[in-house]
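Dropping my_file-v5.txt in here (compact mmCIF, C-alpha atoms):
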```
# COMPACT_ATOMS: atom_id res chain seq x y z
CA MET V 413 -264.64 164.97 24.57
CA PRO V 414 -266.88 163.21 22.12
CA ASP V 415 -269.41 160.83 23.52
CA VAL V 416 -268.17 157.25 23.67
CA GLN V 417 -270.65 154.56 23.11
CA LEU V 418 -270.11 152.11 25.95
CA PRO V 419 -271.13 148.56 25.59
CA LYS V 420 -274.22 147.52 27.34
CA LEU V 421 -273.64 145.43 30.44
CA GLU V 422 -275.52 142.25 30.52
CA THR V 423 -277.31 141.31 33.61
CA PRO V 424 -276.81 137.71 34.69
CA PRO V 425 -279.92 135.70 34.70
CA GLY V 426 -281.79 135.75 37.97
CA ALA V 427 -280.08 139.03 39.03
CA LYS V 428 -282.20 142.02 39.67
CA PRO V 429 -281.03 145.27 38.14
CA SER V 430 -280.11 147.89 40.63
CA GLN V 431 -282.21 150.89 40.79
CA GLY V 432 -280.80 154.43 40.42
CA GLU V 433 -277.61 155.66 38.84
CA PRO V 434 -275.15 153.14 37.51
CA GLN V 435 -271.86 152.82 39.34
CA ILE V 436 -268.50 152.75 37.52
CA PHE V 437 -265.37 151.16 39.05
CA ALA V 438 -261.93 152.16 37.72
CA MET V 439 -258.64 150.08 38.04
CA PRO V 440 -255.88 151.69 40.05
CA GLU V 441 -253.04 153.18 38.06
CA SER V 442 -250.41 150.84 39.64
CA PHE V 443 -252.05 147.84 38.10
CA ARG V 444 -252.73 149.38 34.71
CA GLY V 445 -250.63 147.87 31.91
CA LEU V 446 -249.18 145.17 34.19
CA ALA V 447 -250.25 142.39 31.88
CA ALA V 448 -248.17 143.95 29.09
CA ARG V 449 -245.03 144.19 31.21
CA VAL V 450 -245.00 140.71 32.73
CA ASN V 451 -244.32 137.73 30.51
CA PRO V 452 -246.10 134.68 31.72
CA PRO V 453 -243.80 131.70 32.30
CA VAL V 454 -243.61 129.10 29.66
CA ILE V 455 -244.36 125.69 31.04
CA LYS V 456 -242.67 122.93 29.06
CA PRO V 457 -244.19 119.57 29.24
CA ALA V 458 -241.93 117.13 31.03
CA ALA V 459 -240.44 114.48 28.83
CA THR V 460 -241.55 111.00 29.69
CA GLN V 461 -238.52 108.86 30.58
CA SER V 462 -238.43 105.24 31.63
CA VAL V 463 -236.64 104.99 34.96
CA ALA V 464 -235.16 101.58 35.80
CA PRO V 465 -235.77 100.44 39.40
CA VAL V 466 -232.75 100.76 41.59
CA PRO V 467 -232.01 97.47 43.36
CA VAL V 468 -232.05 97.79 47.11
CA LYS V 469 -229.05 96.23 48.71
CA PRO V 470 -229.81 94.39 51.99
CA ILE V 471 -228.12 95.91 54.97
CA PRO V 472 -225.84 93.28 56.53
CA PRO V 473 -226.40 92.69 60.25
CA LEU V 474 -223.94 94.16 62.61
CA PRO V 475 -221.34 91.67 63.80
CA VAL V 476 -222.03 90.34 67.29
CA LYS V 477 -219.13 90.50 69.62
CA PRO V 478 -219.35 87.43 71.89
CA VAL V 479 -216.67 88.80 74.08
CA SER V 480 -218.78 91.76 75.12
CA ILE V 481 -221.79 89.49 75.83
CA LEU V 482 -219.68 87.20 77.96
CA LYS V 483 -218.37 90.17 79.77
CA LYS V 484 -221.92 91.34 80.49
CA LYS V 485 -222.94 87.85 81.68
CA GLY V 486 -219.83 87.56 83.80
CA MET V 487 -220.52 90.95 85.34
CA ALA V 488 -224.15 89.92 86.07
CA LYS V 489 -223.03 86.63 87.62
CA THR V 490 -220.36 88.36 89.69
CA THR V 491 -222.90 90.91 90.89
CA LYS V 492 -225.34 88.15 91.87
CA MET V 493 -222.62 86.26 93.78
CA ILE V 494 -221.61 89.43 95.59
CA ILE V 495 -225.24 90.00 96.63
CA ILE V 496 -225.65 86.38 97.83
CA ALA V 497 -222.36 86.54 99.74
CA GLY V 498 -223.47 89.74 101.36
CA VAL V 499 -226.79 88.22 102.45
CA VAL V 500 -225.05 85.12 103.87
CA LEU V 501 -222.54 87.26 105.72
CA LEU V 502 -225.36 89.37 107.14
CA VAL V 503 -227.21 86.25 108.36
CA VAL V 504 -224.05 84.81 109.95
CA LEU V 505 -223.25 88.07 111.70
CA SER V 506 -226.84 88.37 112.95
CA SER V 507 -226.82 84.80 114.30
CA ALA V 508 -223.47 85.35 115.98
CA GLY V 509 -224.72 88.54 117.53
CA ILE V 510 -227.85 86.86 118.89
CA TYR V 511 -225.81 83.95 120.27
CA VAL V 512 -223.34 86.28 122.00
CA PHE V 513 -226.18 88.37 123.40
CA TYR V 514 -227.99 85.43 124.97
CA SER V 515 -224.81 83.70 126.14
CA LEU V 516 -223.89 86.80 128.12
CA GLN V 517 -227.27 86.94 129.83
CA PRO V 518 -227.18 85.60 133.42
CA VAL V 519 -229.24 82.45 133.98
CA LYS V 520 -231.84 82.94 136.67
CA ASN V 521 -232.02 80.47 139.52
CA ASN V 522 -234.61 77.72 139.27
CA GLN V 523 -235.20 78.65 135.63
CA THR V 524 -236.43 75.75 133.54
CA ILE V 525 -235.01 75.64 130.04
CA THR V 526 -237.15 73.68 127.61
CA THR V 527 -235.72 72.40 124.38
CA ASN V 528 -237.67 70.92 121.54
CA LYS V 529 -236.77 67.29 121.21
CA PRO V 530 -236.50 65.95 117.68
CA VAL V 531 -239.50 63.93 116.59
CA ASN V 532 -238.63 60.38 115.68
CA THR V 533 -240.51 59.51 112.51
CA ALA V 534 -238.89 56.14 112.05
CA PRO V 535 -241.05 53.09 112.66
CA PRO V 536 -240.79 51.63 116.20
CA VAL V 537 -238.30 48.81 116.65
CA THR V 538 -238.98 46.06 119.16
CA ILE V 539 -235.85 45.13 121.09
CA THR V 540 -235.82 42.00 123.17
CA GLU V 541 -234.16 42.70 126.48
CA THR V 542 -231.48 40.14 127.14
CA PRO V 543 -229.41 40.93 130.24
CA PRO V 544 -225.98 39.34 130.13
CA VAL V 545 -225.22 36.23 132.08
CA VAL V 546 -223.26 37.23 135.15
CA VAL V 547 -220.29 34.99 135.87
CA GLU V 548 -218.83 35.67 139.28
CA THR V 549 -215.08 35.47 139.75
CA PRO V 550 -214.13 33.05 142.53
CA PRO V 551 -212.52 34.78 145.52
CA VAL V 552 -208.76 34.61 145.92
CA THR V 553 -207.20 33.26 149.12
CA ASN V 554 -204.08 34.55 150.84
CA ASN V 555 -201.80 32.09 149.08
CA GLY V 556 -203.05 33.15 145.63
CA THR V 557 -205.29 30.17 144.95
CA THR V 558 -208.98 30.59 144.17
CA THR V 559 -211.86 29.18 146.17
CA SER V 560 -214.84 27.87 144.25
CA PRO V 561 -218.34 29.17 144.93
CA PHE V 562 -219.70 25.69 144.16
CA PRO V 563 -220.08 22.85 146.66
CA ASN V 564 -217.24 20.38 147.23
CA ASN V 565 -214.83 22.97 145.81
CA SER V 566 -216.03 22.21 142.27
CA GLN V 567 -214.68 24.50 139.56
CA PRO V 568 -216.59 26.12 136.68
CA GLY V 569 -216.39 24.20 133.43
CA ARG V 570 -214.00 25.38 130.75
CA ASP V 571 -215.41 28.21 128.56
CA THR V 572 -212.92 28.78 125.75
CA ASP V 573 -214.69 31.71 124.05
CA SER V 574 -216.15 33.22 127.27
CA ASP V 575 -219.70 33.30 125.90
CA GLY V 576 -221.43 31.86 129.01
CA LEU V 577 -221.57 28.31 127.65
CA THR V 578 -219.02 25.77 128.78
CA ASP V 579 -217.25 23.73 126.13
CA ALA V 580 -219.43 20.76 127.14
CA GLU V 581 -222.59 22.81 126.52
CA GLU V 582 -221.21 24.06 123.20
CA ILE V 583 -221.14 20.43 122.02
CA PHE V 584 -224.71 19.82 123.16
CA TYR V 585 -226.14 23.02 121.59
CA ARG V 586 -223.99 22.52 118.44
CA THR V 587 -222.39 25.93 118.76
CA SER V 588 -218.80 27.00 118.24
CA SER V 589 -216.47 27.04 121.24
CA LYS V 590 -214.26 29.53 119.38
CA LYS V 591 -216.99 32.01 118.41
CA PRO V 592 -218.93 33.73 121.22
CA ASP V 593 -221.86 34.56 118.91
CA THR V 594 -222.34 31.56 116.65
CA ASP V 595 -225.32 32.93 114.70
CA SER V 596 -223.88 36.50 114.58
CA ASP V 597 -227.12 38.11 115.79
CA GLY V 598 -225.44 40.30 118.40
CA PHE V 599 -226.16 38.07 121.44
CA LEU V 600 -223.72 35.75 123.18
CA ASP V 601 -224.49 32.04 122.89
CA GLY V 602 -224.79 31.63 126.69
CA ASN V 603 -227.08 34.64 126.88
CA GLU V 604 -229.42 33.15 124.29
CA VAL V 605 -229.58 29.76 126.06
CA PHE V 606 -230.21 31.51 129.39
CA HIS V 607 -233.32 33.19 127.91
CA GLY V 608 -234.47 30.14 125.96
CA TYR V 609 -233.37 31.23 122.46
CA ASP V 610 -231.64 29.10 119.82
CA PRO V 611 -227.95 30.15 119.62
CA ASN V 612 -227.65 28.71 116.11
CA VAL V 613 -230.40 30.84 114.52
CA PRO V 614 -230.70 34.65 114.74
CA SER V 615 -233.14 35.96 117.36
CA PRO V 616 -236.03 35.45 118.02
CA ALA V 617 -235.76 31.73 117.18
CA LYS V 618 -236.49 29.77 120.36
CA LEU V 619 -235.03 26.57 121.75
CA SER V 620 -238.54 25.22 122.31
CA ASP V 621 -238.97 25.10 118.50
CA THR V 622 -235.95 22.82 118.09
CA ALA V 623 -235.25 19.17 118.85
CA LEU V 624 -232.53 20.17 121.32
CA VAL V 625 -234.99 20.42 124.23
CA THR V 626 -238.07 18.49 125.35
CA LYS V 627 -241.06 19.72 127.33
CA TYR V 628 -241.79 18.05 130.66
CA SER V 629 -245.11 18.79 132.37
CA VAL V 630 -247.08 17.63 135.41
CA GLU V 631 -250.81 18.13 135.03
CA ASN V 632 -252.24 20.98 137.10
CA LEU V 633 -248.79 21.75 138.55
CA TYR V 634 -246.07 22.97 136.17
CA SER V 635 -244.16 22.49 132.91
CA LEU V 636 -240.58 23.22 131.80
CA TYR V 637 -238.03 22.36 129.10
CA TYR V 638 -234.92 20.22 129.58
CA PRO V 639 -232.20 18.92 127.19
CA THR V 640 -233.42 16.07 125.03
CA ILE V 641 -230.31 13.95 125.64
CA TRP V 642 -231.01 14.05 129.40
CA THR V 643 -233.25 11.49 131.08
CA ALA V 644 -236.28 12.48 133.21
CA LYS V 645 -237.08 10.07 136.07
CA ALA V 646 -239.72 10.28 138.83
CA GLU V 647 -238.59 9.38 142.35
CA PRO V 648 -240.47 6.33 143.66
CA GLU V 649 -240.85 7.76 147.18
CA LYS V 650 -242.09 11.19 146.06
CA LEU V 651 -244.25 11.20 142.95
CA ASN V 652 -243.89 14.98 142.52
CA ASN V 653 -240.09 14.79 142.57
CA ILE V 654 -238.35 14.53 139.20
CA VAL V 655 -234.67 13.85 138.54
CA PHE V 656 -233.15 14.98 135.23
CA VAL V 657 -230.01 12.89 134.75
CA VAL V 658 -227.09 14.22 132.69
CA PRO V 659 -225.13 11.60 130.65
CA SER V 660 -221.90 12.71 132.35
CA GLY V 661 -223.34 11.91 135.82
CA GLU V 662 -224.69 15.25 137.11
CA SER V 663 -228.39 15.72 137.80
CA VAL V 664 -231.05 18.36 138.31
CA ILE V 665 -233.62 17.55 140.98
CA LEU V 666 -237.06 19.17 141.05
CA SER V 667 -239.29 18.86 144.14
CA LEU V 668 -242.40 20.51 145.59
CA GLU V 669 -242.94 21.73 149.15
CA GLU V 670 -246.23 22.90 150.72
CA LYS V 671 -246.49 26.54 151.83
CA ASP V 672 -249.10 28.83 153.32
CA ALA V 673 -250.11 31.11 150.43
CA THR V 674 -250.31 34.11 152.80
CA ILE V 675 -246.68 33.75 153.92
CA PRO V 676 -244.00 35.47 151.77
CA LEU V 677 -241.38 33.21 150.22
CA ALA V 678 -238.49 34.65 152.25
CA ALA V 679 -240.39 34.14 155.53
CA TRP V 680 -241.20 30.57 154.51
CA PHE V 681 -237.52 29.88 153.79
CA SER V 682 -236.45 31.26 157.20
CA ASN V 683 -239.05 29.15 158.99
CA ALA V 684 -238.11 26.03 157.00
CA ASN V 685 -234.36 26.46 157.66
CA PRO V 686 -234.07 28.05 161.14
CA ASN V 687 -230.56 26.73 161.88
CA SER V 688 -229.16 26.91 158.35
CA ASN V 689 -226.25 29.12 157.36
CA ILE V 690 -227.39 29.15 153.72
CA ARG V 691 -227.62 32.67 152.33
CA VAL V 692 -230.07 33.42 149.54
CA ASN V 693 -230.76 36.37 147.24
CA GLU V 694 -234.18 37.43 146.01
CA SER V 695 -234.73 37.40 142.25
CA LYS V 696 -237.30 36.59 139.56
CA THR V 697 -237.53 34.04 136.78
CA LYS V 698 -237.95 35.16 133.18
CA ASN V 699 -241.69 34.44 133.50
CA GLY V 700 -241.91 36.78 136.49
CA TYR V 701 -242.09 34.30 139.40
CA GLN V 702 -240.49 35.31 142.70
CA MET V 703 -237.58 33.10 143.69
CA LEU V 704 -234.70 32.77 146.10
CA VAL V 705 -231.22 31.84 144.78
CA THR V 706 -228.46 30.43 146.96
CA GLU V 707 -225.04 32.04 146.81
CA ASP V 708 -223.53 29.09 144.94
CA GLN V 709 -226.33 29.37 142.31
CA MET V 710 -226.95 25.64 142.58
CA THR V 711 -230.41 25.79 144.23
CA VAL V 712 -233.49 27.97 143.67
CA TYR V 713 -236.84 28.26 145.48
CA VAL V 714 -239.70 29.46 143.25
CA GLU V 715 -242.93 30.92 144.66
CA ALA V 716 -245.99 28.89 143.52
CA GLY V 717 -248.80 30.12 145.79
CA SER V 718 -249.51 27.28 148.21
CA ARG V 719 -246.37 25.47 147.04
CA VAL V 720 -242.68 26.08 146.53
CA VAL V 721 -240.84 24.60 143.55
CA ILE V 722 -237.29 23.65 144.54
CA MET V 723 -234.70 22.97 141.82
CA SER V 724 -231.15 21.85 142.66
CA TYR V 725 -228.12 21.17 140.48
CA SER V 726 -226.33 18.16 142.00
CA ASN V 727 -222.68 17.59 141.11
CA THR V 728 -221.10 14.86 143.17
CA VAL V 729 -219.28 12.90 140.48
CA LYS V 730 -217.22 15.58 138.73
CA ALA V 731 -214.81 18.32 139.70
CA THR V 732 -216.35 20.81 137.25
CA VAL V 733 -219.78 22.36 136.89
CA ASP V 734 -220.49 22.15 133.16
CA TYR V 735 -224.24 22.78 132.80
CA LEU V 736 -225.00 25.85 134.89
CA ALA V 737 -226.33 27.85 131.89
CA THR V 738 -228.62 24.91 131.00
CA PHE V 739 -229.82 24.75 134.61
CA GLU V 740 -230.73 28.45 134.44
CA MET V 741 -232.52 27.86 131.11
CA MET V 742 -234.70 25.21 132.78
CA ILE V 743 -235.57 27.62 135.62
CA ASN V 744 -236.54 30.38 133.18
CA SER V 745 -238.74 27.97 131.15
CA LEU V 746 -240.75 26.98 134.22
CA VAL V 747 -244.50 27.69 133.89
CA LEU V 748 -246.73 27.22 136.95
CA VAL V 749 -250.34 26.04 136.72
CA GLN V 750 -252.31 27.77 139.44
```
Target encoding structure tokens, full file:
Amino acid sequence: MPDVQLPKLETPPGAKPSQGEPQIFAMPESFRGLAARVNPPVIKPAATQSVAPVPVKPIPPLPVKPVSILKKKGMAKTTKMIIIAGVVLLVVLSSAGIYVFYSLQPVKNNQTITTNKPVNTAPPVTITETPPVVVETPPVTNNGTTTSPFPNNSQPGRDTDSDGLTDAEEIFYRTSSKKPDTDSDGFLDGNEVFHGYDPNVPSPAKLSDTALVTKYSVENLYSLYYPTIWTAKAEPEKLNNIVFVVPSGESVILSLEEKDATIPLAAWFSNANPNSNIRVNESKTKNGYQMLVTEDQMTVYVEAGSRVVIMSYSNTVKATVDYLATFEMMINSLVLVQ
């Protein structure tokens, strides 16, 4: 084979030539001529086309079914009510069980059971104590007639409305004989006069603030109120004795008697009336003075230390006792100077 002149291989710049025999690399037979057999694909340039933008249609919202929502709410509400009912039923059953348990327990002897009393948070109310006027019913005899507790068989004055004031006293105090509580304050007219209150004005208006009564006083001894239309007269023989004269003829007599201050009032009365059949009851005036009251309620003896104040209701000109409530008002208004 003739010698073939091979082209000279150029050495890249910077590369050092290898020393020794040159090396020859041959292509494998399977790859020889491959470039001739395979046609490279022809790449056509893509044609430039103007593409119009596609409008985007908005997606409509899904229809809301109110019926389903109401159903859900109804189911939630029903569930909540069932839970609440269950809790209430559980509480009731528990309370009933506790009550039955303790009610069946035997109570031990001498066991003190303490309960918590409710606390009253309301403001305190001041109530004036006004005990009712006691009117005793005259005793009945065998023949059906009544005997009067008053002297000379006198009868109580007429009291149409049964308020403790006779019709004659109703005129004097300007109250109604057909209305037991003229001022509608909850207290009977006679009860108010008995305690010194004005029956025409709601409590606590007092008689002493009106022109219906007048104050009578003896210096260093006592003072009291009496009806203004009555007349107060001193007895000539006894300067300390006063007679209050009623226009209709009755009178109230006030006198003083000496007493040993160390002797009780009841003992003094027994010593002063050794042969008397008069029966008396112990009581107190509204101002707290000890007193003795006769059974006919017409005479009282009031303790005054070294003295005794005696007040008597005299009725010798009439068959009726019309001013007993006024007499009791005078006794309750008595103030002693000691």
Exercise. For Phe599 (chain V), which of V:Ile510, V:Val613, V:Met493, V:Met723 is the closest residue, counting all atoms listed in the file?
Worked result: V:Val613
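Using all atoms listed in the file, the residues found no farther than 9 Å from Ile743 (chain V), other than those of its own chain fewer than 3 positions away, are Leu636, Tyr637, Thr697, Lys698, Val712, Val714, Met723, Thr738, Phe739, Glu740 and Leu746 of chain V.
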Exercise. From the set V:Val630, V:Val605, V:Leu501, V:Ile641, which residue has the shortest atom-to-atom contact distance to Thr578 (chain V), counting only C-alpha atoms?
Worked result: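 Among V:Val630, V:Val605, V:Leu501, V:Ile641, it is V:Val605 that comes nearest to Thr578 (chain V).
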Exercise. Hey, what's within 12 Å of Ser745 (chain V) if we count all atoms listed in the file and toss same-chain stuff fewer than 5 positions away? As a PyMOL selection string, please?
Worked result: chain V and resi 605-609+618-620+625-629+634-639+697-701+738-740
Problem set entry | Long-range neighbours of Val721 (chain V) as JSON, numbers by chain, 6 Å cut-off, all atoms listed in the file, 4 positions minimum in chain | {"V": [667, 668, 713, 714]}
Problem set entry | Shell of 10 Å around region 651-664 of chain V, all atoms listed in the file, local chain residues under 6 positions omitted, as a list in words |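 In the requested format, the answer is Ala580, Tyr628, Val630, Leu633, Tyr638, Pro639, Ile641, Trp642, Thr643, Ala644, Lys645, Met710, Thr711, Val721, Ile722, Met723, Ser724, Tyr725, Ser726, Asn727, Thr728, Val729, Lys730, Val733, Asp734, Tyr735, Phe739 and Met742 of chain V.
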For this session: Quick one: pull the distance between CA of Trp680 (chain V) and CA of Gln702 (chain V), Å, one decimal.
Result: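 Straight-line distance from CA of Trp680 (chain V) to CA of Gln702 (chain V) works out to 12.7 Å.
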Problem set entry | Shell of 9 Å around Gly602 (chain V), all atoms listed in the file, local chain residues under 6 positions omitted, as an MDAnalysis selection string | chainID V and resid 544:545 574:578 592:593 611 737:738
Those residues with C-alpha atoms, as a tab-separated table (two decimals), keeping the file's coordinate frame please?
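That gives us again17.tsv:
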```
chain	number	residue	atom	x	y	z
V	544	PRO	CA	-225.98	39.34	130.13
V	545	VAL	CA	-225.22	36.23	132.08
V	574	SER	CA	-216.15	33.22	127.27
V	575	ASP	CA	-219.70	33.30	125.90
V	576	GLY	CA	-221.43	31.86	129.01
V	577	LEU	CA	-221.57	28.31	127.65
V	578	THR	CA	-219.02	25.77	128.78
V	592	PRO	CA	-218.93	33.73	121.22
V	593	ASP	CA	-221.86	34.56	118.91
V	611	PRO	CA	-227.95	30.15	119.62
V	737	ALA	CA	-226.33	27.85	131.89
V	738	THR	CA	-228.62	24.91	131.00
```
For this session: To one decimal in Å, tell me the separation between CA of Ser688 (chain V) and CA of Thr706 (chain V).
Result: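 Computing the Euclidean distance for CA of Ser688 (chain V) and CA of Thr706 (chain V) yields 11.9 Å.
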Problem set entry | One-decimal distance in Å that lies between CA of Asp610 (chain V) and CA of Thr640 (chain V) | 14.1 Å
Problem set entry | Residue nearest Asn612 (chain V) among V:Thr587, V:Asn632, V:Thr572, V:Ser507 (counting all atoms listed in the file) |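 Answer, going by the shortest atom-to-atom distance: V:Thr587.
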Exercise. Taking into account all atoms listed in the file, which residue in the set V:Asn683, V:Thr490, V:Ser596, V:Gln709 is nearest to Leu736 (chain V)?
Worked result: V:Gln709
Enclose all atoms of region 704-719 of chain V listed in the file in an axis-aligned box, grow every side by 4 Å, and hand back centre and edge lengths in Å to one decimal, as lines of an AutoDock Vina configuration file.
```
center_x = -236.5
center_y = 29.1
center_z = 145.3
size_x = 34.0
size_y = 15.3
size_z = 13.9
```
Exercise. For Leu748 (chain V), which residue among V:Glu631, V:Ile675, V:Gln567, V:Ser695 is the nearest when counting all atoms listed in the file?
Worked result: V:Glu631
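When all atoms listed in the file are used to compute distances to Glu670 (chain V), the closest of the residues V:Gly717, V:Pro686, V:Pro648, V:Pro616 turns out to be V:Gly717.
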